[in-house]
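Following: one structure in structure tokens, then a few remarks.
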Amino acid sequence: MHAKIFMTDSFIHKGLRKKLVDGLRAKGIDNETVLAAIEKVPRHFFVDSSFARHAYEDKPFSIGAGQTISQPFTVAFQTQLLDLKRFEKVLEIGTGSGYQTAILIELGAKVYTIERQRELFAKAQTILTEMNYSPYFFLGDGYEGKPTFAPFDKILVTAGAKNIPQKLLEQLAVGGKMVIPVGNLEIQEMIVVNKISEEKYKTAKYGEFSFVPMLQGIEK
């Protein structure tokens, strides 16, 4: 019974989402399609019930396994940088709570999402399936990407990488774009990589953020 109560999206929740979107707009998020997706997806479904009443504050929360659900501004900022078009193939590195995955699907993307933490992988799969979202789920190492399904139009990395993984660059389509935070354990620079040709890339920096580290291997 608890799950049914938890998966309730009330008028209060909808009102809080509208307020959140107004706040994101005031902070400089101007892609109305991204804002509409954030207004539609119930973020409180993805946080622990003890945080549920705070789900629409613009802050990150712990989701277990040493991971966090990114603050809504970060989700909106990364998604806006991705510049998604409907039906594009997107590789998401770090499923986490599944919230960012839901936003990508709302924008019409065909999402391939990788999570290395078994606990989070199972949890996100349950929640997203319950919400009728159908990404392609993979338990795996984000540094390896998913070569079988490459190339991808867009790649979104939701953890702080020490450098830009070569295998992900190879799996990006020519003309494609990758958004990835790169730096040390404390602070990373948001990088957008545009793939000009098989050999040529153009990068741009979009400010400092703080993400949990992108780790190799699969956490049993």
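How things are named: the first chain in the structure tokens is A, the next is B, and so on; residues count from 1 in each chain; ligands count from 1 in the order shown.
Residues in contact with Thr8 (chain A) at 10 Å, where only C-alpha atoms are counted and same-chain residues fewer than 6 positions away are skipped, are listed as Pro42, His44 and Phe45 of chain A.
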> Quick one: DSSP strand (DSSP E) residues in region 25-196 of chain A, as a PyMOL selection string?
Replying inline: chain A and resi 61-64+67-69+89-93+110-115+136-139+152-157+172-183+188-195
Might you pull out every residue within 8 Å of region 131-141 of chain A, with only C-alpha atoms counted and same-chain residues fewer than 5 positions away left off, and present them as an mmCIF file with C-alpha atoms, in the first residue's frame?
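Dumped to result05.cif:
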data_model
loop_
_atom_site.group_PDB
_atom_site.id
_atom_site.type_symbol
_atom_site.label_atom_id
_atom_site.label_comp_id
_atom_site.auth_asym_id
_atom_site.auth_seq_id
_atom_site.Cartn_x
_atom_site.Cartn_y
_atom_site.Cartn_z
ATOM 1 C CA THR A 101 16.478 9.484 -17.412
ATOM 2 C CA ALA A 102 12.789 10.402 -17.124
ATOM 3 C CA ILE A 105 12.512 10.450 -22.223
ATOM 4 C CA LYS A 110 15.632 7.107 -27.143
ATOM 5 C CA VAL A 111 17.615 6.545 -23.947
ATOM 6 C CA TYR A 112 20.320 3.959 -23.221
ATOM 7 C CA THR A 113 21.257 4.302 -19.555
ATOM 8 C CA ILE A 114 24.139 2.677 -17.649
ATOM 9 C CA GLU A 115 24.434 2.313 -13.865
ATOM 10 C CA ARG A 116 27.329 0.621 -12.037
ATOM 11 C CA GLN A 117 25.598 0.330 -8.628
ATOM 12 C CA ARG A 118 23.404 -2.775 -8.568
ATOM 13 C CA PHE A 121 20.090 -0.017 -11.059
ATOM 14 C CA GLN A 125 14.318 0.212 -13.114
ATOM 15 C CA LEU A 215 34.085 5.253 -11.027
ATOM 16 C CA GLN A 216 35.148 2.248 -13.059
ATOM 17 C CA GLY A 217 33.837 -1.307 -12.804
ATOM 18 C CA ILE A 218 30.533 -2.605 -11.443
#
> Between A:Lys146, A:Lys154, A:Lys123, A:Lys162, which is the closest to Ala65 (chain A) once you count only C-alpha atoms?
Replying inline: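 Of the candidates, the smallest distance to Ala65 (chain A) is held by A:Lys123.
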>> My list of candidates is A:Gly160, A:Lys27, A:Gly98, A:Ile180. Which is closest to Thr129 (chain A) when distances are computed with only C-alpha atoms?
In response: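 Checking each of A:Gly160, A:Lys27, A:Gly98, A:Ile180 against Thr129 (chain A), counting only C-alpha atoms, the winner is A:Gly98.
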